[in-house]
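One file, upload.tsv, is given below (TSV, C-alpha atoms and all ligand atoms).
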```tsv
chain	number	residue	atom	x	y	z
A	1064	MET	CA	-12.55	65.59	-48.80
A	1065	LYS	CA	-10.07	65.97	-51.62
A	1066	VAL	CA	-7.41	68.33	-50.32
A	1067	GLN	CA	-5.24	70.23	-52.74
A	1068	ASN	CA	-4.97	73.73	-51.39
A	1069	VAL	CA	-3.64	74.18	-47.91
A	1070	GLU	CA	-1.76	77.06	-46.42
A	1071	LEU	CA	-0.56	78.07	-43.00
A	1072	THR	CA	-2.52	81.29	-42.66
A	1073	ILE	CA	-1.19	82.46	-39.34
A	1074	SER	CA	0.70	81.41	-36.25
A	1075	ALA	CA	-1.32	83.28	-33.65
A	1076	VAL	CA	-0.66	84.06	-30.02
A	1077	SER	CA	-3.67	86.25	-29.33
A	1078	PRO	CA	-7.33	86.33	-30.37
A	1079	ALA	CA	-6.86	89.51	-32.43
A	1080	GLN	CA	-4.74	87.45	-34.79
A	1081	TYR	CA	-7.20	84.59	-35.32
A	1082	PRO	CA	-8.62	84.39	-38.84
A	1083	ASN	CA	-11.97	86.09	-39.24
A	1084	GLU	CA	-13.62	84.58	-42.32
A	1085	GLY	CA	-15.89	82.53	-40.11
A	1086	PHE	CA	-14.78	79.13	-41.44
A	1087	PRO	CA	-15.39	76.23	-39.06
A	1088	GLU	CA	-12.37	75.14	-37.06
A	1089	ILE	CA	-11.16	71.77	-35.85
A	1090	ALA	CA	-8.38	71.93	-33.27
A	1091	LEU	CA	-5.77	69.26	-32.70
A	1092	SER	CA	-4.06	68.82	-29.38
A	1093	GLY	CA	-1.77	66.31	-27.72
A	1094	ARG	CA	1.48	65.97	-25.89
A	1095	SER	CA	4.72	66.73	-27.69
A	1096	ASN	CA	5.85	63.91	-29.96
A	1097	VAL	CA	2.49	62.15	-29.97
A	1098	GLY	CA	2.34	62.32	-33.77
A	1099	LYS	CA	0.22	65.44	-34.28
A	1100	SER	CA	2.22	66.89	-37.19
A	1101	SER	CA	2.21	63.46	-38.83
A	1102	LEU	CA	-1.58	63.25	-38.46
A	1103	ILE	CA	-2.08	66.71	-39.98
A	1104	ASN	CA	0.27	65.92	-42.87
A	1105	THR	CA	-1.55	62.62	-43.48
A	1106	LEU	CA	-4.94	64.32	-43.49
A	1107	ILE	CA	-3.80	66.91	-46.02
A	1108	ASN	CA	-1.66	64.54	-48.11
A	1109	ARG	CA	1.55	66.48	-47.54
A	1110	LYS	CA	4.88	65.30	-46.32
A	1111	GLY	CA	6.10	68.29	-44.43
A	1112	LEU	CA	3.69	71.19	-44.20
A	1113	ALA	CA	2.99	70.73	-40.54
A	1114	ARG	CA	6.38	70.52	-38.92
A	1115	THR	CA	7.25	67.00	-37.78
A	1116	SER	CA	9.50	66.41	-34.83
A	1117	SER	CA	9.04	70.05	-33.96
A	1118	GLN	CA	11.29	71.16	-31.16
A	1119	PRO	CA	9.05	70.18	-28.28
A	1120	GLY	CA	7.76	73.08	-26.31
A	1121	LYS	CA	9.09	75.63	-28.74
A	1122	THR	CA	6.06	76.32	-30.86
A	1123	GLN	CA	3.94	78.34	-28.47
A	1124	THR	CA	1.56	79.48	-31.17
A	1125	LEU	CA	-1.78	78.34	-32.49
A	1126	ASN	CA	-1.16	77.45	-36.13
A	1127	PHE	CA	-4.17	77.96	-38.38
A	1128	TYR	CA	-4.12	75.86	-41.55
A	1129	ASN	CA	-6.59	76.94	-44.19
A	1130	ILE	CA	-8.01	73.84	-45.88
A	1131	GLU	CA	-9.51	74.61	-49.29
A	1132	SER	CA	-10.97	77.83	-47.89
A	1133	GLU	CA	-13.61	75.65	-46.21
A	1134	LEU	CA	-12.24	75.07	-42.75
A	1135	TYR	CA	-9.22	75.54	-40.53
A	1136	PHE	CA	-7.18	72.93	-38.77
A	1137	VAL	CA	-5.83	74.60	-35.66
A	1138	ASP	CA	-2.60	73.03	-34.46
A	1139	VAL	CA	-2.39	73.55	-30.70
A	1140	PRO	CA	1.17	73.43	-29.33
A	1141	GLY	CA	2.07	70.16	-27.65
A	1142	TYR	CA	2.03	69.80	-23.88
A	1143	GLY	CA	4.00	67.78	-21.39
A	1144	TYR	CA	7.50	68.57	-22.47
A	1145	ALA	CA	9.54	68.42	-19.27
A	1146	LYS	CA	12.01	71.15	-20.14
A	1147	VAL	CA	9.44	73.90	-20.58
A	1148	SER	CA	9.68	76.54	-17.88
A	1149	LYS	CA	6.83	77.18	-15.47
A	1150	LYS	CA	6.28	80.56	-17.04
A	1151	ASP	CA	5.99	79.10	-20.53
A	1152	ARG	CA	3.63	76.43	-19.25
A	1153	GLU	CA	1.42	79.15	-17.80
A	1154	LYS	CA	1.51	81.09	-21.05
A	1155	TRP	CA	0.52	77.94	-22.91
A	1156	GLY	CA	-2.38	77.37	-20.51
A	1157	GLN	CA	-3.66	80.91	-20.90
A	1158	MET	CA	-3.41	80.78	-24.66
A	1159	ILE	CA	-5.33	77.55	-25.08
A	1160	GLU	CA	-7.89	78.47	-22.43
A	1161	ARG	CA	-8.62	81.71	-24.26
A	1162	TYR	CA	-9.01	79.81	-27.50
A	1163	PHE	CA	-11.08	76.84	-26.27
A	1164	SER	CA	-13.36	78.87	-24.04
A	1165	ASP	CA	-14.35	81.60	-26.46
A	1166	ARG	CA	-14.22	80.56	-30.07
A	1167	PRO	CA	-17.69	80.17	-31.59
A	1168	VAL	CA	-16.41	78.68	-34.86
A	1169	LEU	CA	-14.59	75.90	-33.04
A	1170	ARG	CA	-16.57	72.75	-33.91
A	1171	GLY	CA	-14.54	70.05	-32.24
A	1172	VAL	CA	-11.19	68.94	-30.94
A	1173	ILE	CA	-9.08	66.00	-32.02
A	1174	SER	CA	-7.24	64.97	-28.88
A	1175	LEU	CA	-4.28	62.74	-29.63
A	1176	VAL	CA	-2.90	60.05	-27.36
A	1177	ASP	CA	-0.10	57.58	-27.99
A	1178	GLY	CA	-1.77	54.23	-28.73
A	1179	ARG	CA	1.23	52.32	-27.40
A	1180	HIS	CA	0.93	53.58	-23.85
A	1181	GLU	CA	-1.70	54.28	-21.24
A	1182	PRO	CA	-2.88	57.90	-21.51
A	1183	THR	CA	-0.93	60.20	-19.20
A	1184	GLU	CA	-2.33	62.42	-16.45
A	1185	LEU	CA	-1.94	65.41	-18.76
A	1186	ASP	CA	-3.94	63.58	-21.45
A	1187	CYS	CA	-6.68	63.03	-18.85
A	1188	GLN	CA	-6.58	66.69	-17.81
A	1189	MET	CA	-6.95	67.78	-21.42
A	1190	ILE	CA	-10.08	65.63	-21.81
A	1191	ASP	CA	-11.51	67.00	-18.54
A	1192	PHE	CA	-10.88	70.49	-19.81
A	1193	LEU	CA	-12.61	69.77	-23.13
A	1194	HIS	CA	-15.56	68.23	-21.27
A	1195	TYR	CA	-15.75	71.32	-19.10
A	1196	TYR	CA	-16.09	73.50	-22.19
A	1197	ASP	CA	-18.52	71.03	-23.70
A	1198	LEU	CA	-16.48	70.61	-26.87
A	1199	PRO	CA	-17.06	67.63	-29.16
A	1200	ILE	CA	-14.10	65.26	-28.88
A	1201	LEU	CA	-12.46	62.81	-31.21
A	1202	VAL	CA	-9.71	60.91	-29.44
A	1203	CYS	CA	-7.13	59.78	-31.93
A	1204	ALA	CA	-4.81	56.99	-30.76
A	1205	THR	CA	-1.61	57.32	-32.79
A	1206	LYS	CA	1.19	54.94	-33.84
A	1207	MET	CA	-1.21	51.99	-34.04
A	1208	ASP	CA	1.08	50.30	-36.58
A	1209	LYS	CA	3.06	49.34	-33.47
A	1210	ILE	CA	0.10	47.47	-31.96
A	1211	PRO	CA	-0.99	44.10	-33.35
A	1212	ARG	CA	-4.54	44.14	-34.74
A	1213	GLY	CA	-5.64	41.52	-32.22
A	1214	LYS	CA	-5.09	44.07	-29.45
A	1215	TRP	CA	-6.88	47.02	-31.01
A	1216	ASN	CA	-10.21	46.47	-29.28
A	1217	ARG	CA	-8.55	46.21	-25.92
A	1218	THR	CA	-6.45	49.31	-26.59
A	1219	GLU	CA	-9.58	51.24	-27.44
A	1220	SER	CA	-11.46	50.22	-24.30
A	1221	GLN	CA	-8.44	50.93	-22.09
A	1222	ILE	CA	-8.11	54.43	-23.53
A	1223	ARG	CA	-11.85	55.08	-23.15
A	1224	LYS	CA	-11.74	54.02	-19.55
A	1225	LYS	CA	-8.56	55.86	-18.54
A	1226	LEU	CA	-9.68	59.12	-20.18
A	1227	ALA	CA	-13.18	58.73	-18.72
A	1228	LEU	CA	-14.72	59.45	-22.09
A	1229	ASN	CA	-18.42	60.15	-22.45
A	1230	PRO	CA	-20.50	57.92	-24.72
A	1231	GLN	CA	-20.71	60.68	-27.31
A	1232	ASP	CA	-16.93	61.12	-27.46
A	1233	GLU	CA	-15.54	59.26	-30.45
A	1234	ILE	CA	-12.28	57.41	-30.80
A	1235	VAL	CA	-10.24	56.45	-33.85
A	1236	LEU	CA	-7.21	54.18	-33.96
A	1237	PHE	CA	-4.74	55.77	-36.33
A	1238	SER	CA	-1.37	55.30	-37.97
A	1239	SER	CA	0.39	57.82	-40.17
A	1240	VAL	CA	2.56	54.93	-41.40
A	1241	THR	CA	-0.26	52.69	-42.68
A	1242	LYS	CA	-2.88	55.50	-42.93
A	1243	ALA	CA	-5.27	53.37	-40.87
A	1244	GLY	CA	-8.06	55.54	-39.52
A	1245	LYS	CA	-7.53	58.41	-41.97
A	1246	GLU	CA	-11.00	58.11	-43.51
A	1247	GLU	CA	-12.64	57.88	-40.10
A	1248	VAL	CA	-10.89	61.05	-38.95
A	1249	TRP	CA	-11.97	62.87	-42.11
A	1250	ASN	CA	-15.55	61.63	-41.70
A	1251	TRP	CA	-15.63	63.07	-38.20
A	1252	VAL	CA	-14.08	66.37	-39.35
A	1253	GLU	CA	-16.67	66.70	-42.11
A	1254	LYS	CA	-19.53	65.81	-39.80
A	1255	MET	CA	-18.48	68.28	-37.11
A	1256	SER	CA	-17.61	71.14	-39.42
A	1257	GLY	CA	-20.61	70.63	-41.67
A	1258	ILE	CA	-18.57	70.88	-44.88
B	1	LIG	P1	4.33	65.92	-32.85
B	1	LIG	O1	5.44	66.43	-31.98
B	1	LIG	O2	3.13	65.53	-32.06
B	1	LIG	O3	3.99	66.82	-34.00
B	1	LIG	O4	4.83	64.51	-33.44
B	1	LIG	P2	5.44	64.14	-34.86
B	1	LIG	O5	4.36	64.00	-35.89
B	1	LIG	O6	6.58	65.04	-35.16
B	1	LIG	O7	5.95	62.63	-34.56
B	1	LIG	C1	6.85	62.37	-33.50
B	1	LIG	C2	7.61	61.08	-33.82
B	1	LIG	O8	6.72	59.97	-33.88
B	1	LIG	C3	8.33	61.11	-35.16
B	1	LIG	O9	9.54	60.42	-35.02
B	1	LIG	C4	7.38	60.39	-36.08
B	1	LIG	O10	8.05	59.77	-37.17
B	1	LIG	C5	6.77	59.35	-35.15
B	1	LIG	N1	5.41	58.99	-35.57
B	1	LIG	C6	4.38	59.84	-35.79
B	1	LIG	N2	3.27	59.17	-36.16
B	1	LIG	C7	3.61	57.85	-36.20
B	1	LIG	C8	2.89	56.64	-36.51
B	1	LIG	O11	1.69	56.63	-36.85
B	1	LIG	N3	3.58	55.47	-36.42
B	1	LIG	C9	4.88	55.42	-36.04
B	1	LIG	N4	5.46	54.22	-35.97
B	1	LIG	N5	5.60	56.54	-35.74
B	1	LIG	C10	4.97	57.74	-35.82
```
Could the structure of this file be written out as structure tokens, please?
Amino acid sequence: MKVQNVELTISAVSPAQYPNEGFPEIALSGRSNVGKSSLINTLINRKGLARTSSQPGKTQTLNFYNIESELYFVDVPGYGYAKVSKKDREKWGQMIERYFSDRPVLRGVISLVDGRHEPTELDCQMIDFLHYYDLPILVCATKMDKIPRGKWNRTESQIRKKLALNPQDEIVLFSSVTKAGKEEVWNWVEKMSGI
């Protein structure tokens, strides 16, 4: 998809604030610092629309990016930042549960993991949660420019195994530095959202 017009429509905390045009939505989730803002900016060919190096744990809102008035990317606040209080963690959990469990226009979730390391327990919990709600999953392993090509296949199978992915869950190895995987991510987005 050729992306020219993108805007942050709303930073929402409650369902009443979600957009209501009925456009398909693709959510993106991952732990803080995994490279989510960089992925979004790569997908939409912008340098800084989605905030990079966001203060971890601070953005407790669902950010809805309108893409060409055809779909929304929904930036889910990052998890796993140690300094977040228990109360904020609970608020985060409630907010994403409300969104993932009851959002008919949600067509799939891009779940990011850091390609340099084994997925964390929180990464595994996120996948379990998405399986529970029967949501289509694309796992996106980030920062793959740091991994030699000869190890990519092994990285992919290790991630699949650790996250206990289902055969229908897809995985893309991605780098916002080299743009590797960008087309594959877009292909999945287009397939899932039917645009
Ligand atoms: P977010 O907190 O998940 O939104 O993560 P950011 O996109 O802000 O990225 C966190 C850090 O990882 C920043 O220092 C980025 O420059 C770096 N980063 C993000 N993507 C990549 C990548 O593909 N390759 C490399 N080498 N660094 C990356």
Handout entry: Residues within 12 Å of A:Leu1201, all atoms listed in the file, excluding chain neighbours under 2 positions, as number ranges by chain
Key = A: 1089-1093, 1170-1176, 1190, 1193-1194, 1198-1199, 1203-1204, 1223, 1226, 1228-1237, 1244, 1247-1252, 1254-1255
Deliver the residues from the most recent selection as a file, using C-alpha atoms, as a compact mmCIF listing (two decimals), in the frame of the given file.
```txt
# COMPACT_ATOMS: atom_id res chain seq x y z
CA ILE A 1089 -11.16 71.77 -35.85
CA ALA A 1090 -8.38 71.93 -33.27
CA LEU A 1091 -5.77 69.26 -32.70
CA SER A 1092 -4.06 68.82 -29.38
CA GLY A 1093 -1.77 66.31 -27.72
CA ARG A 1170 -16.57 72.75 -33.91
CA GLY A 1171 -14.54 70.05 -32.24
CA VAL A 1172 -11.19 68.94 -30.94
CA ILE A 1173 -9.08 66.00 -32.02
CA SER A 1174 -7.24 64.97 -28.88
CA LEU A 1175 -4.28 62.74 -29.63
CA VAL A 1176 -2.90 60.05 -27.36
CA ILE A 1190 -10.08 65.63 -21.81
CA LEU A 1193 -12.61 69.77 -23.13
CA HIS A 1194 -15.56 68.23 -21.27
CA LEU A 1198 -16.48 70.61 -26.87
CA PRO A 1199 -17.06 67.63 -29.16
CA CYS A 1203 -7.13 59.78 -31.93
CA ALA A 1204 -4.81 56.99 -30.76
CA ARG A 1223 -11.85 55.08 -23.15
CA LEU A 1226 -9.68 59.12 -20.18
CA LEU A 1228 -14.72 59.45 -22.09
CA ASN A 1229 -18.42 60.15 -22.45
CA PRO A 1230 -20.50 57.92 -24.72
CA GLN A 1231 -20.71 60.68 -27.31
CA ASP A 1232 -16.93 61.12 -27.46
CA GLU A 1233 -15.54 59.26 -30.45
CA ILE A 1234 -12.28 57.41 -30.80
CA VAL A 1235 -10.24 56.45 -33.85
CA LEU A 1236 -7.21 54.18 -33.96
CA PHE A 1237 -4.74 55.77 -36.33
CA GLY A 1244 -8.06 55.54 -39.52
CA GLU A 1247 -12.64 57.88 -40.10
CA VAL A 1248 -10.89 61.05 -38.95
CA TRP A 1249 -11.97 62.87 -42.11
CA ASN A 1250 -15.55 61.63 -41.70
CA TRP A 1251 -15.63 63.07 -38.20
CA VAL A 1252 -14.08 66.37 -39.35
CA LYS A 1254 -19.53 65.81 -39.80
CA MET A 1255 -18.48 68.28 -37.11
```
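Selecting all polymer residues at most 7 Å from ligand LIG 1 (chain B), using only C-alpha atoms and all ligand atoms, gives A:Gly1093, A:Arg1094, A:Ser1095, A:Asn1096, A:Val1097, A:Gly1098, A:Lys1099, A:Ser1100, A:Ser1101, A:Leu1102, A:Arg1114, A:Thr1115, A:Ser1116, A:Ser1117, A:Pro1119, A:Gly1141, A:Thr1205, A:Lys1206, A:Met1207, A:Asp1208, A:Lys1209, A:Phe1237, A:Ser1238, A:Ser1239, A:Val1240.
Residue neighbourhood of stretch 1152-1164 of chain A, excluding near-sequence residues (fewer than 3 positions): Val1076, Gln1123, Val1147, Ser1148, Lys1149 and Tyr1196 of chain A, at 7 Å, using all atoms listed in the file.
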Contacts of stretch 1091-1199 of chain A with stretch 1069-1074 of chain A up to 10 Å, shortest pair per row, only C-alpha atoms, as JSON lines:
```
{"residue": "A:Ile1107", "atom": "CA", "partner": "A:Val1069", "partner_atom": "CA", "distance": 7.5}
{"residue": "A:Asn1108", "atom": "CA", "partner": "A:Val1069", "partner_atom": "CA", "distance": 9.8}
{"residue": "A:Arg1109", "atom": "CA", "partner": "A:Val1069", "partner_atom": "CA", "distance": 9.3}
{"residue": "A:Leu1112", "atom": "CA", "partner": "A:Leu1071", "partner_atom": "CA", "distance": 8.2}
{"residue": "A:Ala1113", "atom": "CA", "partner": "A:Leu1071", "partner_atom": "CA", "distance": 8.5}
{"residue": "A:Thr1122", "atom": "CA", "partner": "A:Ser1074", "partner_atom": "CA", "distance": 9.1}
{"residue": "A:Gln1123", "atom": "CA", "partner": "A:Ser1074", "partner_atom": "CA", "distance": 9.0}
{"residue": "A:Thr1124", "atom": "CA", "partner": "A:Ser1074", "partner_atom": "CA", "distance": 5.5}
{"residue": "A:Leu1125", "atom": "CA", "partner": "A:Ser1074", "partner_atom": "CA", "distance": 5.5}
{"residue": "A:Asn1126", "atom": "CA", "partner": "A:Ser1074", "partner_atom": "CA", "distance": 4.4}
{"residue": "A:Phe1127", "atom": "CA", "partner": "A:Ile1073", "partner_atom": "CA", "distance": 5.5}
{"residue": "A:Tyr1128", "atom": "CA", "partner": "A:Leu1071", "partner_atom": "CA", "distance": 4.4}
{"residue": "A:Asn1129", "atom": "CA", "partner": "A:Glu1070", "partner_atom": "CA", "distance": 5.3}
{"residue": "A:Ile1130", "atom": "CA", "partner": "A:Val1069", "partner_atom": "CA", "distance": 4.8}
{"residue": "A:Glu1131", "atom": "CA", "partner": "A:Val1069", "partner_atom": "CA", "distance": 6.0}
{"residue": "A:Ser1132", "atom": "CA", "partner": "A:Val1069", "partner_atom": "CA", "distance": 8.2}
{"residue": "A:Tyr1135", "atom": "CA", "partner": "A:Thr1072", "partner_atom": "CA", "distance": 9.1}
{"residue": "A:Phe1136", "atom": "CA", "partner": "A:Leu1071", "partner_atom": "CA", "distance": 9.4}
{"residue": "A:Val1137", "atom": "CA", "partner": "A:Ser1074", "partner_atom": "CA", "distance": 9.5}
{"residue": "A:Asp1138", "atom": "CA", "partner": "A:Ser1074", "partner_atom": "CA", "distance": 9.2}
```
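Distance-wise, atom CA of A:Glu1246 and atom CA of A:Met1064 end up 9.3 Å apart.
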Given 6 Å of margin on each side, can you work out the centre and size in Å (one decimal) of an axis-aligned box holding every listed atom of stretch 1201-1212 of chain A, as JSON?
```
{"center_x": -4.7, "center_y": 53.5, "center_z": -33.0, "size_x": 27.5, "size_y": 30.7, "size_z": 19.1}
```
Exercise for the section: Would you mind reading off the distance between atom CA of A:Met1189 and atom CA of A:Asp1177, one decimal, in Å? Expected result: 13.9 Å
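Counting only C-alpha atoms and comparing A:Gly1257, A:Gly1111, A:Pro1167, A:Gly1178, the residue that lies closest to A:Glu1219 is A:Gly1178.
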Practice task
Can you work out the spacing between atom CA of A:Phe1086 and atom CA of A:Leu1134 in Å, to one decimal?
Solution key: 5.0 Å
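The shortest atom-to-atom distance to A:Asp1165, with all atoms listed in the file taken into account, belongs to A:Pro1078 out of A:Arg1217, A:Pro1078, A:Leu1106, A:Asn1083.
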